[in-house]
There are 2 protein chains.
Amino acid sequence: MKKIKFLLVVLIMAFSISLTPAQNLPLMPYPKSVKQLNTNFRLDKEFTLFVEGNPNERIYPAATRMLRRLSDRTGLFFPQDVITSTTKTESPPMVISVKRPGKVILNEDESYQLFIYDNKIQLMAETDLGAMHGFETLLQLLSADENGYYLPAVEIEDQPRFPWRGLMIDACRHFMPINMVKRNLDAMAAVKMNVLHWHLSEDQGFRVESKVYPKLHQLGSDGLYYSHAQIKDVIEYAAARGIRVYPEFDVPGHATSWFAAYPEFASAPGPYTIERNWGIFDPTFDPTNEETYTFLNNFFGEMAALFPDEYFHIGGDEVNGKQWDANESIQKFMNENNIPDNHALQTYFNQRILKILTKHGKKMIGWDEIFQPGMPQNIVIHSWRGTKALMEAAQKGYRSILSNGYYIDLIQPTDFHYLNDPIPADSPLSEKEKKNILGGEATMWSELVTHENVDSRIWPRTAAIAERLWSPQNINDVDTMYKRIERISFLLEEHGLLHIKNYEMMLRRLTNNNDITYLKTLVDLIEPVKIYTRHRQGVKYTSFSPYTRVVDAARPDADAARKFRNEVDRYLADPMLNSSNLIPSLLRWVDNHSKLMETIKLSPILKEIEPLSHNLSKIASLALEAIEYINNNRPTPQYWVEQNLDLIEEAKKPYGQAELMLVSAVEKLVLTAGKN
Amino acid sequence: MKKIKFLLVVLIMAFSISLTPAQNLPLMPYPKSVKQLNTNFRLDKEFTLFVEGNPNERIYPAATRMLRRLSDRTGLFFPQDVITSTTKTESPPMVISVKRPGKVILNEDESYQLFIYDNKIQLMAETDLGAMHGFETLLQLLSADENGYYLPAVEIEDQPRFPWRGLMIDACRHFMPINMVKRNLDAMAAVKMNVLHWHLSEDQGFRVESKVYPKLHQLGSDGLYYSHAQIKDVIEYAAARGIRVYPEFDVPGHATSWFAAYPEFASAPGPYTIERNWGIFDPTFDPTNEETYTFLNNFFGEMAALFPDEYFHIGGDEVNGKQWDANESIQKFMNENNIPDNHALQTYFNQRILKILTKHGKKMIGWDEIFQPGMPQNIVIHSWRGTKALMEAAQKGYRSILSNGYYIDLIQPTDFHYLNDPIPADSPLSEKEKKNILGGEATMWSELVTHENVDSRIWPRTAAIAERLWSPQNINDVDTMYKRIERISFLLEEHGLLHIKNYEMMLRRLTNNNDITYLKTLVDLIEPVKIYTRHRQGVKYTSFSPYTRVVDAARPDADAARKFRNEVDRYLADPMLNSSNLIPSLLRWVDNHSKLMETIKLSPILKEIEPLSHNLSKIASLALEAIEYINNNRPTPQYWVEQNLDLIEEAKKPYGQAELMLVSAVEKLVLTAGKN
């Protein structure tokens, strides 16, 4: 009997271990705890809801939006129009209970419980912020069968792993219109993100109206800036969705556009004009000029009042120090004040800025360059160059957030970001130190995107980052993530996002409205070159370059290519199993080049990707050859592998700053065939 | 010799007559005079331009936008970034010469001359408004061949036929976000339209912030209204594109939302709430209450200052008079003041409003109901119920504009609008009277559209209306119009319009992201029911209904259906010629239903169009049968026609408020076969 008990315990333990959540519901971020019940809640046109308790007013429009989204997807004409605090309905099938008004601040309670049974839905939360997360979970659960729409019965208990789950939008390198910001706020809310970090000043543009120093936006923005009214509107829109908004004004470097208006605060004499190129530039605030602090005090005071969030980002990155080195008066100041080097000078500057921000009631956050000896512990370190600063900061009692590994402008695959954990399982940090890591932010730097294609750089990959920051650490299976993110990507379209629909729009423009079929076949399989290599391939990009070429239409983590690579792996794991999933695509790709050439002839803008098209056909042909050798277990001729590896190398080359994403898989096929 | 001369003259005359412009350039609206030269201007990355003369400052950003659009389409990296008045360039290939600053007012000079030669481009205009029209013409001319991009050499002289070429946007029934308004302003500019008529108050919503009477927007809008800053921004954006913006505040009827805030000005006691249904409603201003005029004077004074245009629309339509009839005090007032009927009472009201508007420096415009004896000649009549008012007004010396026949919300085909001439060729009006007809406006009423699908109701059909109002009267060939409008529709996408891309987005949502192929095949062939019948088919629409069903995705003047109908006509004109253009589509349609059923099973929202899908397959089958009889000249069996006409009648029926648009063509085939 004891033995049986023991066995049972072992069995249960084994079961529990294998029970790390199966993620078999179409949810993202996946909730902390999900219990599926064996029934459904049927949605019909009598569906109504009711809000009880003591929520913030924002819950009513949020509930109204949820109703409309359900109605829009199902075509059901619900009886309720605008939900308000006075909405009355008899025994509504859905009741939302909120204990207290939520505050849109760091560390607010965002938990919720969503219980769906066959005849009722209960959504319970401490705050309306939690309840709104519950709305998104419910909307993701919507399903259908021949009998109509339904929600699967579940008991969900959910809360975030990290309190800071952000997206940074760089509105400077390319200006991002208000509607881009708003639709992305909706998308953030849909995946339970809660911070918008708005990057508002740069060498290439100063993007906020200043009433105190109007020359800033007048001379620094080409007329592309946000008015105070627009900023307030965005903050209100975000708060209605439980999202904090805080600004970044990057000082002392990355500041050319400020000096277009106020050259007197730079460390070298002007005049300055708005920078049109990309890179790291010399213009830097003069930290030895007292007028600099008067100016920044006045301006930051104005912005501190405009942005109610308690955090304020001062940038602080990439100060190259050239202007400081060349300025005799600054060198003299450093000598007189025992400031040994430029790092120390920047720390001196940061300490002055910190005082200013503190006076205006703000907490300072800055890129990891600000993490220098001499800075007090109440600043937040924003780690971008590596996880080292993040860890060290946490160990030394500083709070920090992670963006290294979440640089979505670098066109890396979704799983790379997904597996980038702010606190890896093997972290040496103590539990207390871990608490200093607040979360992270995806960063959408905008040198190489415009409002047309920026959504496709942010989404859907950012949904995977959102899950990393919300869901338990052990929710990390890449395959189910890819399965779920495809659906989330589709659902995001209801917020007007352009990440899917602008793809074909851009292909239509590239073909001058000719048939896009063959171009799409190719571009489905290519990606822009990664990390910073796009700047290093002989094309000099500026603010005014066209961002409408194939490389700009091509999407990160190309679905079709990834699926092919996975299919090849499955095939090679067991070649006898099946090559039939590979053959039809490969045959189509072999033929694609000659067909696409007709399109290329009519569209000179496509000429640069002719080699990619040619290479696709060639490697597809090669893949078919390799599969034939493998399937028939036939020995490959002498030199076959060697010769074809040359072709593979050629096919790996980027053209038009884009690259074919299935070459590695074909290489595997060739090498395997070569072993015959 | 004389004979030969005579013959030559005859020949030349005949040639001239047949020479009514061939419209073989991809331009819309087609210019007044086009001379094609036998060469091209080659566009390369050295392309620069220069503005000379005395233009309004708006020309510089407009020239910059044109450069960027050329760059975006061609992928060419041009050297110029921002064009300004100080832009210097040596012997630029393109020179823009403007004589004087244009004013964005009625009757401004909008003419231009665009001369493109192999090595230079000259754009000349009296005002920058004309020059901007020239930019659009140039952009439409962009072409490509294997050697690169080019502009065909031409000499174009162009000017509009009518000075008032407008689009009305109803932002009340469904609110239209600022970015919808802006992208449509860009599209208007692209087809040389110059007036935005902004319908801002309705039973269902009051859409402007009032600082004088803030309850108006606070209680009348559900929070969906434009701030003063937003209105100013739109007016500035429009003016930068040569477009006037004037508001409509509809009085005394269509005013329920005003009374949600101020019931005391209605003709019956309140309280009132925002109307959620569509139709004509009773609430009407009390024209016998002096306080009404004080209120409207203050409010119109505020709006007169906000909208700089000299025109101000007071609506005035669809006053049903019920509240007036039922109000004893109003009846008494009418008796005492010899006001015989409600028309006269409305005229009394209009006369009072006219005084108010005149005081505020505005000219009154109103729907044709305001055209009543007793109104002075300085008002503008906006004809919507028929062309009668337009003609009569012109004859009596009133100026007028036409919207009857331009109601794009009624889902009529493009050619219907295109051939609707404000001054038909057989017009009995004198030349002087004709001058009173200022032009027309397409009207986008928004009961049955949202910001998601509204672009597809406006475009591309409105481009045909734009051509009617700009181009010479004899530019009226429907076939070439359809050819050209297809390209214009595509080009409009560069302004962010959603008319093309939201079609597949809506289909994706309808299928819950399953394969849309078979749904698209069907929806490509159907249209929403026409005129006002959609309200009369058992579905009660309100502000909060879902507008996401198949009928909402289906587009006016379905391309594929029209092309099929034309193909049938060509075939029947000469059946021996060819049926091969018809057969493949018909075969596909026969098969479509069983395939689409798989999609419908998974998406209950599609269930309502199952009969349309079934009918498509049945009539496609029938069409094939008929073609076989015709091709083989075989006699049809007895009752064949009769039986099948029943099927045809069934297939004509709408389902889900949408209808199959190729039934009439199949009917023709059947009747022709029946004659065998």
# chains A, B, ... in the order shown; residues from 1 in each chain; ligands from 1
>>> interface_residues(of="chain B", to="chain A", cutoff="6 Å", atoms="only C-alpha atoms", output="list in words")
Ser71, Asp72, Thr74, Gly75, Phe77, Asp81, Asp145, Glu146, Gly148, Lys501, Phe544, Ser545, Pro546, Thr548, Lys601, Leu602, Pro604 and Ile605 of chain B
>>> write_last_selection(atoms="N, CA and C atoms", output="short mmCIF file (atom, residue, chain, number, x, y, z; two decimals), in the first residue's frame")
data_model
loop_
_atom_site.label_atom_id
_atom_site.label_comp_id
_atom_site.auth_asym_id
_atom_site.auth_seq_id
_atom_site.Cartn_x
_atom_site.Cartn_y
_atom_site.Cartn_z
N SER B 71 9.65 59.88 -55.42
CA SER B 71 10.71 59.06 -54.86
C SER B 71 10.15 57.74 -54.31
N ASP B 72 9.03 57.82 -53.62
CA ASP B 72 8.42 56.62 -53.04
C ASP B 72 7.98 55.62 -54.11
N THR B 74 9.27 55.37 -57.19
CA THR B 74 10.35 54.92 -58.06
C THR B 74 11.51 54.33 -57.30
N GLY B 75 11.57 54.60 -55.98
CA GLY B 75 12.73 54.15 -55.21
C GLY B 75 13.98 54.96 -55.50
N PHE B 77 16.60 57.88 -54.98
CA PHE B 77 17.05 58.73 -53.87
C PHE B 77 17.40 60.11 -54.44
N ASP B 81 15.99 67.63 -50.20
CA ASP B 81 15.14 67.20 -49.09
C ASP B 81 13.93 68.10 -48.98
N ASP B 145 9.35 51.83 -68.17
CA ASP B 145 9.65 50.75 -69.10
C ASP B 145 10.94 50.09 -68.64
N GLU B 146 11.49 49.21 -69.46
CA GLU B 146 12.68 48.49 -69.01
C GLU B 146 13.88 49.40 -68.73
N GLY B 148 13.65 52.32 -67.25
CA GLY B 148 13.46 53.13 -66.04
C GLY B 148 12.16 53.92 -66.06
N LYS B 501 -7.54 48.27 -49.28
CA LYS B 501 -6.96 47.33 -48.33
C LYS B 501 -7.94 46.85 -47.26
N PHE B 544 -25.48 51.80 -33.28
CA PHE B 544 -24.62 50.81 -32.66
C PHE B 544 -24.70 49.42 -33.28
N SER B 545 -25.31 49.35 -34.45
CA SER B 545 -25.34 48.07 -35.15
C SER B 545 -23.93 47.73 -35.63
N PRO B 546 -23.67 46.44 -35.84
CA PRO B 546 -22.40 46.08 -36.48
C PRO B 546 -22.45 46.43 -37.97
N THR B 548 -20.10 45.38 -40.21
CA THR B 548 -18.94 44.53 -40.48
C THR B 548 -19.36 43.28 -41.23
N LYS B 601 -19.56 27.36 -42.71
CA LYS B 601 -19.79 26.52 -41.52
C LYS B 601 -19.00 27.00 -40.32
N LEU B 602 -17.84 27.55 -40.57
CA LEU B 602 -16.97 28.00 -39.47
C LEU B 602 -17.26 29.43 -39.04
N PRO B 604 -20.44 31.78 -38.47
CA PRO B 604 -21.89 32.01 -38.46
C PRO B 604 -22.31 33.35 -39.06
N ILE B 605 -21.43 34.36 -39.01
CA ILE B 605 -21.78 35.67 -39.55
C ILE B 605 -22.02 35.60 -41.07
#
>>> residues_around(residues="range 467-483 of chain B", least_positions_apart="5", cutoff="8 Å", atoms="only C-alpha atoms", output="PyMOL selection string")
chain B and resi 20-21+23-24+28-32+159-162+164-165+191-192+415+418-421+425+439-440
>>> residues_around(residues="Met375 in chain A", least_positions_apart="2", cutoff="12 Å", atoms="only C-alpha atoms", output="ChimeraX atom specification")
/A:343-344,346-355,364-366,368-373,377-381,393,396-398
>>> select_by_dssp(residues="range 199-288 of chain A", states="helix (DSSP H, G or I)", output="PyMOL selection string")
chain A and resi 215-220+228-239+256-261+263-265
>>> residues_around(residues="Asn335 in chain A", least_positions_apart="5", cutoff="12 Å", atoms="only C-alpha atoms", output="PDB file with C-alpha atoms, in the first residue's frame")
ATOM      1  CA  THR A 288      29.406  73.653 -17.826  1.00  0.00           C
ATOM      2  CA  GLU A 328      38.778  74.652 -23.962  1.00  0.00           C
ATOM      3  CA  SER A 329      36.370  76.176 -21.512  1.00  0.00           C
ATOM      4  CA  ILE A 330      34.822  72.763 -20.793  1.00  0.00           C
ATOM      5  CA  PRO A 340      38.455  63.192 -14.568  1.00  0.00           C
ATOM      6  CA  ASP A 341      36.714  62.204 -17.819  1.00  0.00           C
ATOM      7  CA  ASN A 342      33.673  62.581 -20.008  1.00  0.00           C
ATOM      8  CA  ALA A 344      32.192  61.805 -14.957  1.00  0.00           C
ATOM      9  CA  LEU A 345      31.213  65.003 -16.724  1.00  0.00           C
TER      10      LEU A 345
END
>>> residues_around(residues="Ile583 in chain B", least_positions_apart="3", cutoff="12 Å", atoms="only C-alpha atoms", output="PyMOL selection string")
chain B and resi 564+567-568+571+578-580+586-590+620-628+631
>>> select_by_dssp(residues="range 211-390 of chain A", states="strand (DSSP E)", output="ChimeraX atom specification")
/A:244-248,311-313,363-367,380-383
>>> write_last_selection(atoms="all heavy atoms", output="compact mmCIF listing (two decimals), in the first residue's frame")
# COMPACT_ATOMS: atom_id res chain seq x y z
N ARG A 244 0.25 53.80 -19.08
CA ARG A 244 1.02 54.99 -18.72
C ARG A 244 1.73 55.53 -19.96
O ARG A 244 2.12 54.77 -20.84
CB ARG A 244 2.09 54.65 -17.68
CG ARG A 244 1.58 54.13 -16.36
CD ARG A 244 2.72 53.47 -15.56
NE ARG A 244 3.92 54.28 -15.62
CZ ARG A 244 5.16 53.80 -15.61
NH1 ARG A 244 5.38 52.49 -15.51
NH2 ARG A 244 6.19 54.60 -15.68
N VAL A 245 1.92 56.84 -19.98
CA VAL A 245 2.68 57.46 -21.06
C VAL A 245 3.74 58.34 -20.43
O VAL A 245 3.41 59.20 -19.61
CB VAL A 245 1.79 58.35 -21.96
CG1 VAL A 245 2.62 59.05 -23.03
CG2 VAL A 245 0.67 57.53 -22.59
N TYR A 246 5.00 58.08 -20.76
CA TYR A 246 6.02 59.01 -20.27
C TYR A 246 6.95 59.38 -21.42
O TYR A 246 7.13 58.61 -22.37
CB TYR A 246 6.77 58.43 -19.07
CG TYR A 246 7.76 57.34 -19.40
CD1 TYR A 246 9.10 57.64 -19.59
CD2 TYR A 246 7.35 56.02 -19.53
CE1 TYR A 246 10.01 56.64 -19.91
CE2 TYR A 246 8.25 55.01 -19.84
CZ TYR A 246 9.58 55.33 -20.03
OH TYR A 246 10.48 54.35 -20.35
N PRO A 247 7.51 60.60 -21.34
CA PRO A 247 8.30 61.11 -22.46
C PRO A 247 9.78 60.83 -22.29
O PRO A 247 10.26 60.63 -21.17
CB PRO A 247 8.08 62.61 -22.36
CG PRO A 247 8.00 62.85 -20.87
CD PRO A 247 7.34 61.62 -20.28
N GLU A 248 10.50 60.81 -23.38
CA GLU A 248 11.95 60.89 -23.34
C GLU A 248 12.41 62.13 -24.08
O GLU A 248 12.04 62.35 -25.23
CB GLU A 248 12.60 59.65 -23.98
CG GLU A 248 14.14 59.77 -24.02
CD GLU A 248 14.83 58.59 -24.72
OE1 GLU A 248 14.13 57.60 -25.02
OE2 GLU A 248 16.04 58.69 -24.96
N TYR A 311 7.40 59.09 -14.10
CA TYR A 311 8.73 58.85 -14.69
C TYR A 311 9.00 59.81 -15.85
O TYR A 311 8.08 60.26 -16.54
CB TYR A 311 8.87 57.39 -15.13
CG TYR A 311 8.98 56.49 -13.91
CD1 TYR A 311 7.83 55.99 -13.30
CD2 TYR A 311 10.21 56.23 -13.33
CE1 TYR A 311 7.91 55.22 -12.15
CE2 TYR A 311 10.30 55.47 -12.19
CZ TYR A 311 9.16 54.96 -11.60
OH TYR A 311 9.25 54.21 -10.46
N PHE A 312 10.28 60.08 -16.04
CA PHE A 312 10.71 61.05 -17.05
C PHE A 312 12.06 60.56 -17.56
O PHE A 312 12.99 60.39 -16.78
CB PHE A 312 10.84 62.42 -16.39
CG PHE A 312 10.83 63.58 -17.35
CD1 PHE A 312 9.66 64.32 -17.54
CD2 PHE A 312 11.98 63.97 -18.03
CE1 PHE A 312 9.65 65.43 -18.40
CE2 PHE A 312 11.97 65.06 -18.90
CZ PHE A 312 10.80 65.79 -19.08
N HIS A 313 12.15 60.27 -18.85
CA HIS A 313 13.35 59.65 -19.44
C HIS A 313 14.25 60.75 -20.00
O HIS A 313 13.81 61.57 -20.78
CB HIS A 313 12.92 58.69 -20.54
CG HIS A 313 13.88 57.57 -20.83
ND1 HIS A 313 15.17 57.79 -21.23
CD2 HIS A 313 13.72 56.22 -20.79
CE1 HIS A 313 15.76 56.60 -21.43
NE2 HIS A 313 14.90 55.63 -21.16
N LYS A 363 10.55 61.12 -11.30
CA LYS A 363 11.63 60.17 -11.10
C LYS A 363 12.40 60.03 -12.43
O LYS A 363 11.78 59.94 -13.49
CB LYS A 363 11.07 58.81 -10.68
CG LYS A 363 10.45 58.88 -9.29
CD LYS A 363 9.86 57.57 -8.85
CE LYS A 363 9.25 57.70 -7.46
NZ LYS A 363 8.27 56.62 -7.18
N MET A 364 13.71 59.98 -12.32
CA MET A 364 14.53 59.95 -13.53
C MET A 364 14.72 58.52 -14.03
O MET A 364 14.99 57.61 -13.26
CB MET A 364 15.89 60.57 -13.26
CG MET A 364 16.78 60.62 -14.50
SD MET A 364 18.52 60.92 -14.09
CE MET A 364 18.54 62.70 -14.02
N ILE A 365 14.60 58.37 -15.34
CA ILE A 365 14.99 57.12 -15.97
C ILE A 365 15.90 57.47 -17.15
O ILE A 365 15.74 58.53 -17.76
CB ILE A 365 13.75 56.28 -16.40
CG1 ILE A 365 14.14 55.09 -17.27
CG2 ILE A 365 12.69 57.11 -17.09
CD1 ILE A 365 13.01 54.07 -17.43
N GLY A 366 16.90 56.63 -17.38
CA GLY A 366 17.81 56.92 -18.48
C GLY A 366 18.43 55.64 -19.01
O GLY A 366 18.38 54.59 -18.36
N TRP A 367 18.99 55.71 -20.23
CA TRP A 367 19.68 54.55 -20.82
C TRP A 367 20.87 54.19 -19.94
O TRP A 367 21.33 54.98 -19.14
CB TRP A 367 20.12 54.86 -22.25
CG TRP A 367 18.94 55.21 -23.11
CD1 TRP A 367 18.60 56.45 -23.55
CD2 TRP A 367 17.94 54.31 -23.60
NE1 TRP A 367 17.43 56.38 -24.30
CE2 TRP A 367 17.01 55.08 -24.35
CE3 TRP A 367 17.73 52.92 -23.49
CZ2 TRP A 367 15.89 54.52 -24.97
CZ3 TRP A 367 16.61 52.37 -24.12
CH2 TRP A 367 15.71 53.16 -24.85
N VAL A 380 16.01 55.04 -12.39
CA VAL A 380 15.75 53.74 -13.03
C VAL A 380 16.69 53.61 -14.23
O VAL A 380 16.82 54.52 -15.04
CB VAL A 380 14.28 53.62 -13.48
CG1 VAL A 380 14.07 52.34 -14.28
CG2 VAL A 380 13.35 53.65 -12.27
N ILE A 381 17.35 52.45 -14.28
CA ILE A 381 18.30 52.19 -15.35
C ILE A 381 17.60 51.44 -16.48
O ILE A 381 16.98 50.40 -16.26
CB ILE A 381 19.47 51.30 -14.83
CG1 ILE A 381 20.09 51.90 -13.56
CG2 ILE A 381 20.52 51.10 -15.93
CD1 ILE A 381 20.67 53.29 -13.73
N HIS A 382 17.71 51.99 -17.68
CA HIS A 382 17.08 51.37 -18.85
C HIS A 382 18.17 50.68 -19.66
O HIS A 382 18.93 51.33 -20.36
CB HIS A 382 16.37 52.45 -19.66
CG HIS A 382 15.46 51.89 -20.71
ND1 HIS A 382 14.52 52.65 -21.38
CD2 HIS A 382 15.30 50.63 -21.19
CE1 HIS A 382 13.85 51.89 -22.24
NE2 HIS A 382 14.32 50.67 -22.15
N SER A 383 18.21 49.37 -19.54
CA SER A 383 19.32 48.61 -20.10
C SER A 383 19.13 48.34 -21.59
O SER A 383 18.17 47.71 -22.00
CB SER A 383 19.42 47.28 -19.34
OG SER A 383 20.19 46.37 -20.06
